[in-house]
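So this one's protein-v5.pdb, PDB, C-alpha atoms, pLDDT in the B column:
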```pdb
ATOM      1  CA  MET A   1      60.607  76.030 161.811  1.00 67.00           C
ATOM      2  CA  GLU A   2      61.175  72.373 160.874  1.00 76.00           C
ATOM      3  CA  PRO A   3      58.481  70.765 158.668  1.00 81.00           C
ATOM      4  CA  ARG A   4      56.154  68.212 160.268  1.00 89.00           C
ATOM      5  CA  VAL A   5      55.200  65.126 158.229  1.00 94.00           C
ATOM      6  CA  VAL A   6      51.932  63.231 158.691  1.00 95.00           C
ATOM      7  CA  ILE A   7      51.084  60.096 156.669  1.00 97.00           C
ATOM      8  CA  HIS A   8      47.436  59.075 156.341  1.00 96.00           C
ATOM      9  CA  LEU A   9      46.392  55.718 154.887  1.00 97.00           C
ATOM     10  CA  ASP A  10      42.970  55.726 153.237  1.00 95.00           C
ATOM     11  CA  HIS A  11      40.389  53.532 154.966  1.00 89.00           C
ATOM     12  CA  ARG A  12      42.545  53.622 158.141  1.00 86.00           C
ATOM     13  CA  LYS A  13      43.440  49.971 157.784  1.00 91.00           C
ATOM     14  CA  THR A  14      46.447  48.297 159.327  1.00 94.00           C
ATOM     15  CA  VAL A  15      46.181  44.942 157.485  1.00 97.00           C
ATOM     16  CA  TYR A  16      45.985  44.627 153.686  1.00 98.00           C
ATOM     17  CA  ASP A  17      45.546  41.635 151.402  1.00 98.00           C
ATOM     18  CA  PRO A  18      47.970  40.892 148.544  1.00 98.00           C
ATOM     19  CA  GLY A  19      46.744  42.592 145.369  1.00 98.00           C
ATOM     20  CA  GLU A  20      44.811  45.208 147.336  1.00 98.00           C
ATOM     21  CA  ILE A  21      45.260  48.915 146.626  1.00 97.00           C
ATOM     22  CA  LEU A  22      47.160  50.873 149.258  1.00 98.00           C
ATOM     23  CA  SER A  23      46.491  54.586 149.008  1.00 98.00           C
ATOM     24  CA  GLY A  24      46.831  57.636 151.145  1.00 97.00           C
ATOM     25  CA  LYS A  25      48.251  61.096 151.446  1.00 96.00           C
ATOM     26  CA  VAL A  26      51.125  62.964 152.996  1.00 96.00           C
ATOM     27  CA  ILE A  27      50.562  66.284 154.708  1.00 93.00           C
ATOM     28  CA  ILE A  28      53.504  68.569 155.421  1.00 90.00           C
ATOM     29  CA  THR A  29      53.010  71.492 157.758  1.00 85.00           C
ATOM     30  CA  PRO A  30      53.411  74.356 158.150  1.00 76.00           C
ATOM     31  CA  ALA A  31      52.691  75.344 154.556  1.00 63.00           C
ATOM     32  CA  ASP A  32      54.990  78.358 154.840  1.00 62.00           C
ATOM     33  CA  CYS A  33      58.052  76.061 155.137  1.00 67.00           C
ATOM     34  CA  VAL A  34      57.817  75.303 151.396  1.00 59.00           C
ATOM     35  CA  ASP A  35      60.893  77.420 150.593  1.00 68.00           C
ATOM     36  CA  THR A  36      62.982  75.266 152.919  1.00 77.00           C
ATOM     37  CA  ILE A  37      62.246  71.949 151.135  1.00 85.00           C
ATOM     38  CA  LYS A  38      64.200  70.841 148.065  1.00 87.00           C
ATOM     39  CA  ALA A  39      62.663  67.340 147.684  1.00 91.00           C
ATOM     40  CA  ILE A  40      60.214  64.830 149.172  1.00 94.00           C
ATOM     41  CA  GLU A  41      60.420  61.066 148.630  1.00 97.00           C
ATOM     42  CA  LEU A  42      57.735  58.494 149.363  1.00 98.00           C
ATOM     43  CA  SER A  43      58.437  54.755 149.388  1.00 98.00           C
ATOM     44  CA  VAL A  44      56.218  51.752 150.040  1.00 98.00           C
ATOM     45  CA  LEU A  45      58.701  49.110 151.119  1.00 98.00           C
ATOM     46  CA  TRP A  46      59.406  46.025 153.169  1.00 98.00           C
ATOM     47  CA  TYR A  47      62.433  45.281 155.309  1.00 98.00           C
ATOM     48  CA  THR A  48      63.649  42.501 157.538  1.00 97.00           C
ATOM     49  CA  ASP A  49      64.299  42.994 161.202  1.00 93.00           C
ATOM     50  CA  GLY A  50      66.024  40.599 163.563  1.00 91.00           C
ATOM     51  CA  LYS A  51      69.076  38.375 163.385  1.00 89.00           C
ATOM     52  CA  GLY A  52      71.483  38.779 160.485  1.00 86.00           C
ATOM     53  CA  ASP A  53      71.796  41.447 157.813  1.00 90.00           C
ATOM     54  CA  GLN A  54      68.805  43.635 157.059  1.00 92.00           C
ATOM     55  CA  ASP A  55      67.132  43.211 153.669  1.00 95.00           C
ATOM     56  CA  LEU A  56      65.105  46.053 152.181  1.00 97.00           C
ATOM     57  CA  HIS A  57      63.099  46.245 148.976  1.00 98.00           C
ATOM     58  CA  VAL A  58      61.206  49.256 147.615  1.00 98.00           C
ATOM     59  CA  HIS A  59      57.893  48.282 146.032  1.00 98.00           C
ATOM     60  CA  HIS A  60      56.677  51.795 145.081  1.00 98.00           C
ATOM     61  CA  PHE A  61      58.618  55.066 144.868  1.00 98.00           C
ATOM     62  CA  ARG A  62      57.641  58.664 144.139  1.00 96.00           C
ATOM     63  CA  ARG A  63      59.732  61.843 144.324  1.00 95.00           C
ATOM     64  CA  TRP A  64      58.594  65.451 144.317  1.00 92.00           C
ATOM     65  CA  GLU A  65      61.343  68.033 143.873  1.00 88.00           C
ATOM     66  CA  GLN A  66      62.041  71.661 143.085  1.00 78.00           C
ATOM     67  CA  GLU A  67      62.012  72.588 139.438  1.00 76.00           C
ATOM     68  CA  GLY A  68      64.345  75.500 138.896  1.00 71.00           C
ATOM     69  CA  ASP A  69      63.307  78.199 141.364  1.00 66.00           C
ATOM     70  CA  SER A  70      59.815  76.728 141.865  1.00 67.00           C
ATOM     71  CA  PRO A  71      59.408  75.200 145.320  1.00 65.00           C
ATOM     72  CA  VAL A  72      57.832  71.796 145.967  1.00 74.00           C
ATOM     73  CA  SER A  73      54.080  72.333 146.206  1.00 73.00           C
ATOM     74  CA  ILE A  74      52.825  71.277 149.625  1.00 79.00           C
ATOM     75  CA  SER A  75      49.754  73.516 149.747  1.00 77.00           C
ATOM     76  CA  SER A  76      47.621  70.400 149.260  1.00 85.00           C
ATOM     77  CA  PRO A  77      48.243  66.816 150.413  1.00 92.00           C
ATOM     78  CA  LEU A  78      50.594  64.669 148.301  1.00 93.00           C
ATOM     79  CA  SER A  79      48.594  61.600 147.223  1.00 95.00           C
ATOM     80  CA  PHE A  80      49.912  58.120 146.520  1.00 97.00           C
ATOM     81  CA  GLN A  81      48.493  54.781 145.413  1.00 98.00           C
ATOM     82  CA  THR A  82      49.923  51.359 144.578  1.00 98.00           C
ATOM     83  CA  ILE A  83      48.744  47.789 144.149  1.00 98.00           C
ATOM     84  CA  LEU A  84      50.365  45.641 146.824  1.00 98.00           C
ATOM     85  CA  PRO A  85      52.302  42.559 145.680  1.00 98.00           C
ATOM     86  CA  GLN A  86      51.565  38.918 146.491  1.00 98.00           C
ATOM     87  CA  THR A  87      54.727  38.528 148.564  1.00 96.00           C
ATOM     88  CA  PRO A  88      56.502  38.819 150.896  1.00 97.00           C
ATOM     89  CA  LEU A  89      53.826  38.709 153.543  1.00 97.00           C
ATOM     90  CA  SER A  90      54.351  40.372 156.896  1.00 97.00           C
ATOM     91  CA  TYR A  91      55.834  37.885 159.303  1.00 96.00           C
ATOM     92  CA  ASP A  92      56.705  37.912 163.004  1.00 94.00           C
ATOM     93  CA  GLY A  93      59.114  35.030 163.468  1.00 93.00           C
ATOM     94  CA  LEU A  94      61.313  34.099 166.370  1.00 91.00           C
ATOM     95  CA  ILE A  95      64.525  35.053 164.545  1.00 92.00           C
ATOM     96  CA  ILE A  96      63.379  37.387 161.781  1.00 94.00           C
ATOM     97  CA  ARG A  97      60.475  39.699 161.038  1.00 96.00           C
ATOM     98  CA  ILE A  98      59.242  41.137 157.739  1.00 96.00           C
ATOM     99  CA  ARG A  99      57.841  44.644 158.097  1.00 97.00           C
ATOM    100  CA  TRP A 100      55.958  46.738 155.511  1.00 98.00           C
ATOM    101  CA  CYS A 101      55.773  50.529 155.728  1.00 98.00           C
ATOM    102  CA  VAL A 102      55.136  53.785 153.948  1.00 98.00           C
ATOM    103  CA  ARG A 103      58.224  55.938 154.467  1.00 98.00           C
ATOM    104  CA  VAL A 104      58.481  59.642 153.668  1.00 97.00           C
ATOM    105  CA  ARG A 105      61.783  61.480 153.518  1.00 97.00           C
ATOM    106  CA  VAL A 106      61.872  65.279 153.381  1.00 93.00           C
ATOM    107  CA  PHE A 107      65.101  66.871 152.197  1.00 90.00           C
ATOM    108  CA  PRO A 108      65.431  70.438 153.454  1.00 85.00           C
ATOM    109  CA  VAL A 109      67.590  73.004 151.709  1.00 82.00           C
ATOM    110  CA  LYS A 110      69.686  73.151 154.900  1.00 82.00           C
ATOM    111  CA  GLY A 111      70.078  70.598 157.653  1.00 83.00           C
ATOM    112  CA  ARG A 112      69.350  66.897 158.002  1.00 89.00           C
ATOM    113  CA  GLU A 113      66.599  64.991 156.248  1.00 92.00           C
ATOM    114  CA  ILE A 114      63.361  64.279 158.096  1.00 92.00           C
ATOM    115  CA  VAL A 115      62.044  60.704 158.015  1.00 96.00           C
ATOM    116  CA  GLU A 116      58.560  59.584 159.017  1.00 97.00           C
ATOM    117  CA  GLU A 117      56.973  56.185 158.467  1.00 97.00           C
ATOM    118  CA  ILE A 118      53.785  54.299 159.149  1.00 97.00           C
ATOM    119  CA  THR A 119      53.715  50.511 159.264  1.00 97.00           C
ATOM    120  CA  PHE A 120      51.055  48.132 158.006  1.00 97.00           C
ATOM    121  CA  ARG A 121      50.720  44.372 157.585  1.00 97.00           C
ATOM    122  CA  LEU A 122      50.510  42.563 154.265  1.00 98.00           C
ATOM    123  CA  GLY A 123      48.561  39.316 154.619  1.00 97.00           C
ATOM    124  CA  HIS A 124      47.257  37.430 157.625  1.00 93.00           C
ATOM    125  CA  VAL A 125      50.169  35.274 158.782  1.00 91.00           C
ATOM    126  CA  ALA A 126      50.004  34.394 162.461  1.00 89.00           C
ATOM    127  CA  PRO A 127      53.083  35.124 164.572  1.00 86.00           C
ATOM    128  CA  ALA A 128      55.481  32.266 165.236  1.00 86.00           C
ATOM    129  CA  ARG A 129      55.249  30.657 168.657  1.00 83.00           C
ATOM    130  CA  VAL A 130      57.697  28.716 170.752  1.00 76.00           C
ATOM    131  CA  ARG A 131      56.503  25.211 171.541  1.00 75.00           C
ATOM    132  CA  ILE A 132      57.230  24.181 175.096  1.00 78.00           C
ATOM    133  CA  GLN A 133      57.558  20.446 175.517  1.00 73.00           C
TER     134      GLN A 133
END
```

Just dump the structure as structure tokens.
Amino acid sequence: MEPRVVIHLDHRKTVYDPGEILSGKVIITPADCVDTIKAIELSVLWYTDGKGDQDLHVHHFRRWEQEGDSPVSISSPLSFQTILPQTPLSYDGLIIRIRWCVRVRVFPVKGREIVEEITFRLGHVAPARVRIQ
């Protein structure tokens, strides 16, 4: 059975202020799939979306992996916490957007990696609007 990844942000917020603490946990089920996982990576990152090349920057990174024959422990949630930076703020422009997310990648012993992410906004920038004249 393929592992299922659920990301929970503490306080269930979708908008954060610069300098605020972002924290949460990752739950991987079922717990009996532990022998099939060689590593789990968590990133808090921003990326651009829209016209042109995509930019991506990792703000916070954590990796859990097998040590020798010991499997990755997923019997309890994997917790994370980071202080969010001052910039770049989330932005919904007409040509480009800046998106923030928590992304989890699970690397099974066999098969393709599993990726799950949850988005959030950093700052309170209003979306760009087209002016009609």

Excluding range 48-61 of chain A and any residue of its chain fewer than 6 positions from it, enumerate the residues within 10 Å of it, using all atoms listed in the file, and give them as an mmCIF file with C-alpha atoms, keeping the file's coordinate frame.
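Result went into around.cif, see below:
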```cif
data_model
loop_
_atom_site.group_PDB
_atom_site.id
_atom_site.type_symbol
_atom_site.label_atom_id
_atom_site.label_comp_id
_atom_site.auth_asym_id
_atom_site.auth_seq_id
_atom_site.Cartn_x
_atom_site.Cartn_y
_atom_site.Cartn_z
ATOM 1 C CA GLU A 41 60.420 61.066 148.630
ATOM 2 C CA LEU A 42 57.735 58.494 149.363
ATOM 3 C CA PHE A 80 49.912 58.120 146.520
ATOM 4 C CA GLN A 81 48.493 54.781 145.413
ATOM 5 C CA THR A 82 49.923 51.359 144.578
ATOM 6 C CA ILE A 83 48.744 47.789 144.149
ATOM 7 C CA LEU A 84 50.365 45.641 146.824
ATOM 8 C CA PRO A 85 52.302 42.559 145.680
ATOM 9 C CA SER A 90 54.351 40.372 156.896
ATOM 10 C CA TYR A 91 55.834 37.885 159.303
ATOM 11 C CA ASP A 92 56.705 37.912 163.004
ATOM 12 C CA GLY A 93 59.114 35.030 163.468
ATOM 13 C CA LEU A 94 61.313 34.099 166.370
ATOM 14 C CA ILE A 95 64.525 35.053 164.545
ATOM 15 C CA ILE A 96 63.379 37.387 161.781
ATOM 16 C CA ARG A 97 60.475 39.699 161.038
ATOM 17 C CA ILE A 98 59.242 41.137 157.739
ATOM 18 C CA ARG A 99 57.841 44.644 158.097
ATOM 19 C CA TRP A 100 55.958 46.738 155.511
ATOM 20 C CA CYS A 101 55.773 50.529 155.728
ATOM 21 C CA VAL A 102 55.136 53.785 153.948
ATOM 22 C CA ARG A 103 58.224 55.938 154.467
ATOM 23 C CA VAL A 104 58.481 59.642 153.668
#
```

ask   = For Phe107 in chain A, which residue out of A:Lys38, A:Lys25, A:Arg62, A:Arg4 is the nearest one, using all atoms listed in the file?
value = A:Lys38

query = Can you list, as a list of chain:residue names, the residues that the PyMOL selection byres ((chain A and resi 109) around 9) selects here?
reply = A:Asp35, A:Thr36, A:Ile37, A:Lys38, A:Ala39, A:Phe107, A:Pro108, A:Lys110, A:Gly111, A:Arg112

List the residues selected by the PyMOL selection byres ((chain A and resi 118) around 12) in the file shown, writing them as a PDB file with C-alpha atoms, in the coordinates of the input.
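Final output, saved to result.pdb:
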```pdb
ATOM      1  CA  VAL A   5      55.200  65.126 158.229  1.00 94.00           C
ATOM      2  CA  VAL A   6      51.932  63.231 158.691  1.00 95.00           C
ATOM      3  CA  ILE A   7      51.084  60.096 156.669  1.00 97.00           C
ATOM      4  CA  HIS A   8      47.436  59.075 156.341  1.00 96.00           C
ATOM      5  CA  LEU A   9      46.392  55.718 154.887  1.00 97.00           C
ATOM      6  CA  ARG A  12      42.545  53.622 158.141  1.00 86.00           C
ATOM      7  CA  LYS A  13      43.440  49.971 157.784  1.00 91.00           C
ATOM      8  CA  THR A  14      46.447  48.297 159.327  1.00 94.00           C
ATOM      9  CA  GLY A  24      46.831  57.636 151.145  1.00 97.00           C
ATOM     10  CA  LYS A  25      48.251  61.096 151.446  1.00 96.00           C
ATOM     11  CA  VAL A  26      51.125  62.964 152.996  1.00 96.00           C
ATOM     12  CA  LEU A  42      57.735  58.494 149.363  1.00 98.00           C
ATOM     13  CA  SER A  43      58.437  54.755 149.388  1.00 98.00           C
ATOM     14  CA  VAL A  44      56.218  51.752 150.040  1.00 98.00           C
ATOM     15  CA  LEU A  45      58.701  49.110 151.119  1.00 98.00           C
ATOM     16  CA  TRP A  46      59.406  46.025 153.169  1.00 98.00           C
ATOM     17  CA  ARG A  99      57.841  44.644 158.097  1.00 97.00           C
ATOM     18  CA  TRP A 100      55.958  46.738 155.511  1.00 98.00           C
ATOM     19  CA  CYS A 101      55.773  50.529 155.728  1.00 98.00           C
ATOM     20  CA  VAL A 102      55.136  53.785 153.948  1.00 98.00           C
ATOM     21  CA  ARG A 103      58.224  55.938 154.467  1.00 98.00           C
ATOM     22  CA  VAL A 104      58.481  59.642 153.668  1.00 97.00           C
ATOM     23  CA  VAL A 115      62.044  60.704 158.015  1.00 96.00           C
ATOM     24  CA  GLU A 116      58.560  59.584 159.017  1.00 97.00           C
ATOM     25  CA  GLU A 117      56.973  56.185 158.467  1.00 97.00           C
ATOM     26  CA  THR A 119      53.715  50.511 159.264  1.00 97.00           C
ATOM     27  CA  PHE A 120      51.055  48.132 158.006  1.00 97.00           C
ATOM     28  CA  ARG A 121      50.720  44.372 157.585  1.00 97.00           C
TER      29      ARG A 121
END
```

message = When you count only C-alpha atoms, which of these residues is closest to Thr87 in chain A: A:Tyr16, A:Thr29, A:Ile74, A:Val106?
response =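 Ranked by minimum distance to Thr87 in chain A, first place goes to A:Tyr16.
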
Between CA of Ile28 in chain A and CA of Pro77 in chain A - distance in Å to one decimal = 7.5 Å

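Closest to Ser79 in chain A among A:Arg105, A:His124, A:Arg63, A:Arg129 is A:Arg63, based on all atoms listed in the file.
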
request  = Please measure the separation of CA of Ile21 in chain A and CA of Trp64 in chain A, giving the value in Å to one decimal.
outcome  =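 If I compute the distance from CA of Ile21 in chain A to CA of Trp64 in chain A, I get 21.4 Å.
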
Output, as AutoDock Vina command-line options, the centre and edge lengths in Å (one decimal) of the axis-aligned box that contains all listed atoms of range 100-111 of chain A with 3 Å of margin on each side.
```
--center_x 62.6 --center_y 59.9 --center_z 154.7 --size_x 20.9 --size_y 32.4 --size_z 11.9
```

query = Between A:Ile40, A:Gln86, A:Ser76, A:Glu65, which has the minimum distance to Gly19 in chain A (counting all atoms listed in the file)?
reply =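 When distances to Gly19 in chain A are compared using all atoms listed in the file, the smallest one comes from A:Gln86.
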
All heavy atoms are needed for range 87-98 of chain A; please write them out as an mmCIF file, in the frame of the given file.
```
data_model
loop_
_atom_site.group_PDB
_atom_site.id
_atom_site.type_symbol
_atom_site.label_atom_id
_atom_site.label_comp_id
_atom_site.auth_asym_id
_atom_site.auth_seq_id
_atom_site.Cartn_x
_atom_site.Cartn_y
_atom_site.Cartn_z
ATOM 1 N N THR A 87 53.738 38.877 147.545
ATOM 2 C CA THR A 87 54.727 38.528 148.564
ATOM 3 C C THR A 87 55.770 39.622 148.659
ATOM 4 O O THR A 87 55.877 40.438 147.742
ATOM 5 C CB THR A 87 55.461 37.208 148.208
ATOM 6 O OG1 THR A 87 56.133 37.384 146.957
ATOM 7 C CG2 THR A 87 54.519 36.043 148.143
ATOM 8 N N PRO A 88 56.554 39.670 149.716
ATOM 9 C CA PRO A 88 56.502 38.819 150.896
ATOM 10 C C PRO A 88 55.427 39.298 151.861
ATOM 11 O O PRO A 88 55.160 40.499 151.961
ATOM 12 C CB PRO A 88 57.894 38.960 151.513
ATOM 13 C CG PRO A 88 58.295 40.351 151.160
ATOM 14 C CD PRO A 88 57.689 40.606 149.785
ATOM 15 N N LEU A 89 54.831 38.374 152.549
ATOM 16 C CA LEU A 89 53.826 38.709 153.543
ATOM 17 C C LEU A 89 54.520 39.152 154.832
ATOM 18 O O LEU A 89 55.644 38.744 155.113
ATOM 19 C CB LEU A 89 52.937 37.500 153.824
ATOM 20 C CG LEU A 89 52.168 36.938 152.628
ATOM 21 C CD1 LEU A 89 51.363 35.713 153.047
ATOM 22 C CD2 LEU A 89 51.278 37.989 151.994
ATOM 23 N N SER A 90 53.835 39.981 155.583
ATOM 24 C CA SER A 90 54.351 40.372 156.896
ATOM 25 C C SER A 90 54.492 39.118 157.746
ATOM 26 O O SER A 90 53.661 38.208 157.679
ATOM 27 C CB SER A 90 53.387 41.345 157.572
ATOM 28 O OG SER A 90 53.287 42.532 156.831
ATOM 29 N N TYR A 91 55.556 39.089 158.529
ATOM 30 C CA TYR A 91 55.834 37.885 159.303
ATOM 31 C C TYR A 91 56.540 38.264 160.594
ATOM 32 O O TYR A 91 57.487 39.051 160.583
ATOM 33 C CB TYR A 91 56.724 36.946 158.478
ATOM 34 C CG TYR A 91 57.132 35.693 159.208
ATOM 35 C CD1 TYR A 91 56.217 34.691 159.501
ATOM 36 C CD2 TYR A 91 58.452 35.520 159.598
ATOM 37 C CE1 TYR A 91 56.605 33.547 160.172
ATOM 38 C CE2 TYR A 91 58.851 34.368 160.265
ATOM 39 C CZ TYR A 91 57.928 33.389 160.551
ATOM 40 O OH TYR A 91 58.303 32.258 161.223
ATOM 41 N N ASP A 92 56.062 37.714 161.705
ATOM 42 C CA ASP A 92 56.705 37.912 163.004
ATOM 43 C C ASP A 92 57.246 36.584 163.477
ATOM 44 O O ASP A 92 56.555 35.821 164.160
ATOM 45 C CB ASP A 92 55.702 38.464 164.027
ATOM 46 C CG ASP A 92 55.301 39.887 163.704
ATOM 47 O OD1 ASP A 92 56.196 40.705 163.442
ATOM 48 O OD2 ASP A 92 54.091 40.185 163.696
ATOM 49 N N GLY A 93 58.481 36.284 163.083
ATOM 50 C CA GLY A 93 59.114 35.030 163.468
ATOM 51 C C GLY A 93 59.920 35.181 164.741
ATOM 52 O O GLY A 93 60.012 36.259 165.323
ATOM 53 N N LEU A 94 60.504 34.083 165.159
ATOM 54 C CA LEU A 94 61.313 34.099 166.370
ATOM 55 C C LEU A 94 62.687 34.699 166.114
ATOM 56 O O LEU A 94 63.289 35.291 167.003
ATOM 57 C CB LEU A 94 61.460 32.672 166.912
ATOM 58 C CG LEU A 94 60.130 31.992 167.255
ATOM 59 C CD1 LEU A 94 60.366 30.559 167.671
ATOM 60 C CD2 LEU A 94 59.368 32.768 168.296
ATOM 61 N N ILE A 95 63.189 34.559 164.882
ATOM 62 C CA ILE A 95 64.525 35.053 164.545
ATOM 63 C C ILE A 95 64.466 36.262 163.621
ATOM 64 O O ILE A 95 65.300 37.151 163.683
ATOM 65 C CB ILE A 95 65.359 33.926 163.897
ATOM 66 C CG1 ILE A 95 65.541 32.797 164.907
ATOM 67 C CG2 ILE A 95 66.697 34.436 163.410
ATOM 68 C CD1 ILE A 95 66.222 31.576 164.340
ATOM 69 N N ILE A 96 63.472 36.318 162.767
ATOM 70 C CA ILE A 96 63.379 37.387 161.781
ATOM 71 C C ILE A 96 61.933 37.848 161.636
ATOM 72 O O ILE A 96 60.998 37.076 161.842
ATOM 73 C CB ILE A 96 63.964 36.932 160.416
ATOM 74 C CG1 ILE A 96 64.184 38.117 159.498
ATOM 75 C CG2 ILE A 96 63.079 35.883 159.781
ATOM 76 C CD1 ILE A 96 65.061 37.806 158.312
ATOM 77 N N ARG A 97 61.788 39.117 161.295
ATOM 78 C CA ARG A 97 60.475 39.699 161.038
ATOM 79 C C ARG A 97 60.508 40.391 159.676
ATOM 80 O O ARG A 97 61.536 40.941 159.293
ATOM 81 C CB ARG A 97 60.114 40.700 162.132
ATOM 82 C CG ARG A 97 59.847 40.038 163.475
ATOM 83 C CD ARG A 97 59.699 41.043 164.590
ATOM 84 N NE ARG A 97 60.916 41.783 164.892
ATOM 85 C CZ ARG A 97 61.949 41.306 165.588
ATOM 86 N NH1 ARG A 97 61.930 40.080 166.048
ATOM 87 N NH2 ARG A 97 63.007 42.051 165.824
ATOM 88 N N ILE A 98 59.382 40.383 158.988
ATOM 89 C CA ILE A 98 59.242 41.137 157.739
ATOM 90 C C ILE A 98 58.222 42.231 158.013
ATOM 91 O O ILE A 98 57.088 41.959 158.403
ATOM 92 C CB ILE A 98 58.784 40.244 156.570
ATOM 93 C CG1 ILE A 98 59.826 39.161 156.306
ATOM 94 C CG2 ILE A 98 58.541 41.103 155.315
ATOM 95 C CD1 ILE A 98 59.414 38.146 155.256
#
```
